[in-house]
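Quick look at model-v1.txt (compact mmCIF, C-alpha atoms):
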# COMPACT_ATOMS: atom_id res chain seq x y z
CA MET A 1 84.68 121.41 83.87
CA THR A 2 87.79 119.42 84.78
CA TYR A 3 88.44 115.87 83.63
CA THR A 4 88.27 114.54 87.19
CA ARG A 5 84.94 116.30 87.72
CA ALA A 6 83.59 114.86 84.47
CA ILE A 7 84.76 111.35 85.40
CA GLY A 8 83.16 111.74 88.83
CA LEU A 9 79.83 112.76 87.30
CA VAL A 10 79.87 109.87 84.81
CA CYS A 11 80.75 107.35 87.53
CA GLY A 12 78.05 108.82 89.78
CA LYS A 13 75.44 108.37 87.04
CA ILE A 14 76.56 104.78 86.46
CA ILE A 15 76.31 104.00 90.18
CA ASP A 16 72.87 105.64 90.34
CA ALA A 17 71.69 103.52 87.41
CA ILE A 18 73.02 100.35 89.07
CA VAL A 19 71.30 101.26 92.35
CA ARG A 20 67.98 101.89 90.58
CA GLY A 21 68.28 98.60 88.71
CA LEU A 22 69.03 96.65 91.88
CA ALA A 23 66.19 98.40 93.70
CA LEU A 24 63.77 97.39 90.94
CA SER A 25 65.02 93.81 91.10
CA HIS A 26 63.94 93.67 94.79
CA ILE A 27 67.23 92.09 95.80
CA HIS A 28 67.79 92.43 99.54
CA PRO A 29 70.67 94.76 100.53
CA ASN A 30 72.05 92.08 102.87
CA VAL A 31 72.41 89.76 99.87
CA LEU A 32 74.54 92.42 98.16
CA THR A 33 76.66 92.69 101.30
CA PHE A 34 77.15 88.91 101.33
CA LEU A 35 78.06 88.87 97.63
CA GLY A 36 80.71 91.49 98.37
CA LEU A 37 82.25 89.08 100.88
CA VAL A 38 82.19 86.25 98.33
CA VAL A 39 83.99 88.43 95.76
CA ASN A 40 86.62 89.43 98.33
CA ILE A 41 87.20 85.75 99.18
CA TRP A 42 87.80 85.18 95.46
CA ALA A 43 90.32 88.04 95.49
CA GLY A 44 92.01 86.48 98.53
CA TRP A 45 92.28 83.20 96.64
CA LEU A 46 93.94 85.01 93.72
CA PHE A 47 96.38 86.66 96.13
CA ALA A 48 97.18 83.24 97.60
CA ALA A 49 97.97 82.02 94.08
CA GLY A 50 100.28 85.00 93.50
CA GLN A 51 97.99 86.55 90.88
CA PHE A 52 98.13 89.99 92.44
CA ARG A 53 96.99 92.09 89.48
CA TRP A 54 93.92 89.96 88.85
CA GLY A 55 93.24 89.99 92.58
CA ALA A 56 93.40 93.80 92.60
CA LEU A 57 90.84 94.01 89.80
CA VAL A 58 88.52 91.67 91.71
CA VAL A 59 88.90 93.83 94.84
CA VAL A 60 87.84 96.82 92.74
CA GLY A 61 84.77 94.84 91.67
CA ALA A 62 84.03 93.96 95.28
CA GLY A 63 84.11 97.67 96.09
CA LEU A 64 81.04 98.08 93.90
CA PHE A 65 79.01 96.01 96.35
CA ASP A 66 80.32 98.15 99.22
CA MET A 67 79.16 101.27 97.40
CA VAL A 68 75.67 100.10 96.47
CA ASP A 69 74.36 97.95 99.34
CA GLY A 70 73.67 100.89 101.65
CA ARG A 71 72.22 102.99 98.84
CA VAL A 72 69.94 100.16 97.75
CA ALA A 73 68.79 99.82 101.37
CA ARG A 74 67.87 103.52 101.45
CA GLU A 75 66.27 103.40 97.99
CA THR A 76 64.05 100.45 98.98
CA ASN A 77 63.37 101.67 102.52
CA ARG A 78 65.15 98.66 104.03
CA VAL A 79 67.58 100.45 106.31
CA THR A 80 67.77 98.50 109.58
CA ARG A 81 70.03 98.36 112.60
CA PHE A 82 70.83 94.74 111.84
CA GLY A 83 71.76 95.64 108.26
CA ALA A 84 74.37 98.11 109.53
CA PHE A 85 75.71 95.48 111.95
CA PHE A 86 75.76 92.79 109.25
CA ASP A 87 77.59 95.09 106.84
CA SER A 88 80.23 95.94 109.46
CA VAL A 89 80.84 92.29 110.39
CA LEU A 90 81.17 91.14 106.78
CA ASP A 91 83.52 94.04 106.04
CA ARG A 92 85.87 92.64 108.68
CA TYR A 93 85.70 89.18 107.11
CA SER A 94 86.36 90.72 103.68
CA ASP A 95 89.47 92.49 104.98
CA LEU A 96 90.74 89.31 106.61
CA ALA A 97 90.06 87.23 103.48
CA LEU A 98 92.49 89.39 101.50
CA LEU A 99 95.14 89.23 104.20
CA VAL A 100 94.75 85.47 104.67
CA GLY A 101 95.39 85.17 100.94
CA LEU A 102 98.64 87.09 101.40
CA LEU A 103 99.59 84.88 104.36
CA VAL A 104 99.12 81.78 102.22
CA TYR A 105 101.16 83.31 99.39
CA TYR A 106 104.09 84.30 101.60
CA ALA A 107 104.01 80.90 103.30
CA SER A 108 104.12 79.20 99.89
CA ILE A 109 107.33 81.06 98.96
CA ASN A 110 108.88 80.66 102.43
CA ARG A 111 108.99 84.37 103.27
CA PHE A 112 108.68 84.09 107.04
CA PHE A 113 109.28 87.78 107.69
CA TYR A 114 106.39 88.82 105.45
CA ILE A 115 104.13 86.27 107.11
CA VAL A 116 104.80 88.06 110.40
CA LEU A 117 104.35 91.47 108.76
CA THR A 118 100.99 90.42 107.29
CA ALA A 119 99.94 89.15 110.72
CA VAL A 120 100.80 92.57 112.17
CA VAL A 121 98.68 94.17 109.43
CA MET A 122 95.79 91.85 110.27
CA THR A 123 96.04 92.76 113.94
CA GLY A 124 96.14 96.49 113.22
CA SER A 125 93.24 96.30 110.77
CA VAL A 126 91.00 94.50 113.26
CA MET A 127 92.02 96.79 116.12
CA VAL A 128 91.25 99.96 114.15
CA SER A 129 87.64 98.82 113.89
CA TYR A 130 87.51 97.42 117.42
CA THR A 131 88.83 100.56 119.09
CA ARG A 132 86.22 102.69 117.34
CA ALA A 133 83.38 100.31 118.21
CA ARG A 134 84.48 100.00 121.83
CA SER A 135 85.16 103.71 122.17
CA GLU A 136 81.72 104.64 120.88
CA CYS A 137 80.23 102.64 123.75
CA LEU A 138 81.79 105.29 126.01
CA ILE A 139 81.81 108.49 123.94
CA PRO A 140 79.57 109.72 121.11
CA LYS A 141 82.08 109.45 118.23
CA CYS A 142 85.61 108.21 117.63
CA LYS A 143 86.41 108.77 113.95
CA VAL A 144 89.93 110.09 114.49
CA GLY A 145 92.91 108.53 112.78
CA PHE A 146 93.90 108.29 109.16
CA LEU A 147 93.86 104.65 108.17
CA GLU A 148 90.28 103.36 108.05
CA ARG A 149 88.97 100.59 105.80
CA PRO A 150 88.69 102.54 102.49
CA GLU A 151 92.30 103.71 102.77
CA ARG A 152 93.51 100.19 103.56
CA VAL A 153 91.65 98.71 100.57
CA VAL A 154 93.01 101.39 98.22
CA LEU A 155 96.55 100.73 99.44
CA ILE A 156 96.17 96.98 98.88
CA ILE A 157 94.86 97.60 95.36
CA ILE A 158 97.84 99.87 94.62
CA GLY A 159 100.30 97.34 96.04
CA ALA A 160 98.80 94.51 94.01
CA LEU A 161 98.55 96.44 90.74
CA PHE A 162 102.08 97.86 90.84
CA ASP A 163 103.83 94.90 92.48
CA ARG A 164 104.60 96.89 95.62
CA MET A 165 102.71 94.78 98.12
CA ALA A 166 105.62 94.50 100.57
CA ALA A 167 105.96 98.29 100.80
CA VAL A 168 102.20 98.67 101.17
CA LEU A 169 102.14 96.16 104.02
CA TRP A 170 104.78 98.22 105.85
CA VAL A 171 102.65 101.36 105.42
CA ILE A 172 99.45 99.66 106.60
CA ALA A 173 101.20 98.03 109.55
CA ALA A 174 102.58 101.36 110.74
CA LEU A 175 99.58 103.60 110.06
CA SER A 176 96.90 101.19 111.27
CA ASN A 177 98.58 100.72 114.62
CA LEU A 178 99.23 104.47 114.88
CA THR A 179 95.51 104.96 114.26
CA VAL A 180 94.76 102.58 117.14
CA VAL A 181 97.06 104.53 119.45
CA HIS A 182 95.49 107.82 118.30
CA ARG A 183 92.02 106.48 119.09
CA MET A 184 93.13 105.26 122.50
CA ILE A 185 94.53 108.69 123.38
CA TYR A 186 91.45 110.45 122.00
CA THR A 187 89.12 108.19 123.97
CA TRP A 188 91.14 108.77 127.15
CA GLN A 189 90.88 112.54 126.66
CA GLU A 190 87.16 112.45 125.87
CA THR A 191 86.28 110.16 128.79
CA ARG A 192 88.22 112.42 131.16
CA ARG A 193 86.35 115.44 129.79
CA LEU A 194 82.97 113.74 130.16
CA GLU A 195 83.76 112.53 133.67
CA ALA A 196 84.87 116.04 134.68
CA ALA A 197 81.66 117.48 133.26
CA GLN A 198 79.61 114.94 135.22
CA LEU A 199 81.47 115.81 138.42
CA ARG A 200 80.82 119.52 137.87
CA ALA A 201 77.15 118.85 137.19
CA GLY A 202 76.92 116.72 140.33
CA SER A 203 78.58 119.36 142.51
CA GLU A 204 76.24 122.04 141.16
CA THR A 205 73.15 120.00 142.00
CA ASN A 206 74.47 119.50 145.55
CA VAL A 207 74.95 123.23 146.22
CA PRO A 208 72.81 124.11 149.29
CA VAL A 209 69.93 126.44 148.58
CA PRO A 210 70.36 129.77 150.55
CA ARG A 211 67.59 130.57 153.05

How would this structure read if it were set down as structure tokens?
Amino acid sequence: MTYTRAIGLVCGKIIDAIVRGLALSHIHPNVLTFLGLVVNIWAGWLFAAGQFRWGALVVVGAGLFDMVDGRVARETNRVTRFGAFFDSVLDRYSDLALLVGLLVYYASINRFFYIVLTAVVMTGSVMVSYTRARSECLIPKCKVGFLERPERVVLIIIGALFDRMAAVLWVIAALSNLTVVHRMIYTWQETRRLEAAQLRAGSETNVPVPR
């Protein structure tokens, strides 16, 4: 067994134990989701104060709530449509809380360029989620593109821990907006395919029956 495999098994057992404990406590999964937002706001405040490494550790802690809220919902048979909606909405607020913290930090040190760059990152991050949600009103699935929320969070943690936040913001700005473009192209292709299929089906139903 490899070290990474062993670490994965140990972490999996720890998460399972946490999920069982939370399930026995009868805490509602939506409360866990909300607590995750609160912890991310704390991390954003640390970023605003320039305490990037501490902020990164808090973001890691917030990730625990992201990992367990859905599993607790399944364990306690509390999976609901609203719960999925609530989780998605608060995830967006959590993302923005971290980036607002960076905006405040760069404003406090008069780095105008990085304020603009962080704003571009905010726009791309929101649009990645929006394009998928809007696309899936038209087509069954739109999960294409590399930079979704887990990747963005990991990059922010890396940037904060290793004092490479500026470089990370460049990467997120580029890849998030490329992901948006990719999803737009994919949705255009899929909608054209579906519309062509509907036209073919319609023409087949209008074929006159031979007598």

Worksheet item: Which value, in Å to one decimal, gives the distance between CA of Tyr106 in chain A and CA of Gly50 in chain A?
Response: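 Result for CA of Tyr106 in chain A versus CA of Gly50 in chain A: 9.0 Å, one decimal.
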
Per residue of range 102-139 of chain A within 10 Å of range 171-178 of chain A, which atom pair is closest and at what distance in Å (one decimal), using only C-alpha atoms, listed by chain and increasing number, as a Markdown table?
| residue | atom | partner | partner_atom | distance |
| --- | --- | --- | --- | --- |
| A:Leu117 | CA | A:Ala173 | CA | 7.3 |
| A:Thr118 | CA | A:Ala173 | CA | 7.9 |
| A:Ala119 | CA | A:Ala173 | CA | 9.0 |
| A:Val120 | CA | A:Ala173 | CA | 6.1 |
| A:Val121 | CA | A:Ala173 | CA | 4.6 |
| A:Met122 | CA | A:Ala173 | CA | 8.2 |
| A:Thr123 | CA | A:Asn177 | CA | 8.4 |
| A:Gly124 | CA | A:Asn177 | CA | 5.1 |
| A:Ser125 | CA | A:Ser176 | CA | 6.1 |
| A:Val126 | CA | A:Ser176 | CA | 9.1 |
| A:Met127 | CA | A:Asn177 | CA | 7.8 |
| A:Val128 | CA | A:Ser176 | CA | 6.5 |
| A:Ser129 | CA | A:Ser176 | CA | 9.9 |

Item to complete: Skip Gln51 in chain A itself and residues of its chain fewer than 6 positions away, then list as a ChimeraX atom specification all residues within 12 Å of it, counting all atoms listed in the file.
Response: /A:42-45,57-58,101-102,105,160-161,163,165

Fill in: d(CA of Phe47 in chain A, CA of Val89 in chain A) in Å
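A separation of 21.8 Å between them.
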
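Here CA of Thr191 in chain A and CA of Gly83 in chain A stand 29.0 Å from one another.
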
Fill in: Using all atoms listed in the file: which of A:Leu138, A:Ala167, A:Leu35, A:Val154 has the shortest distance to Trp188 in chain A
A:Leu138

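Checking A:Ser94, A:Gln189, A:Ser108, A:Ser135 one by one against Arg152 in chain A, counting all atoms listed in the file, you find the shortest gap at A:Ser94.
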
Fill in: Residue nearest Leu103 in chain A - candidates A:Pro150, A:Ile115, A:Pro140, A:Phe65, atoms counted: only C-alpha atoms
A:Ile115

Practice prompt. Between A:Ile185, A:Glu75, A:Gly21, A:Ala97, single out the one closest to Val39 in chain A, counting all atoms listed in the file.
Written response: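 Closest residue, counting all atoms listed in the file: A:Ala97.
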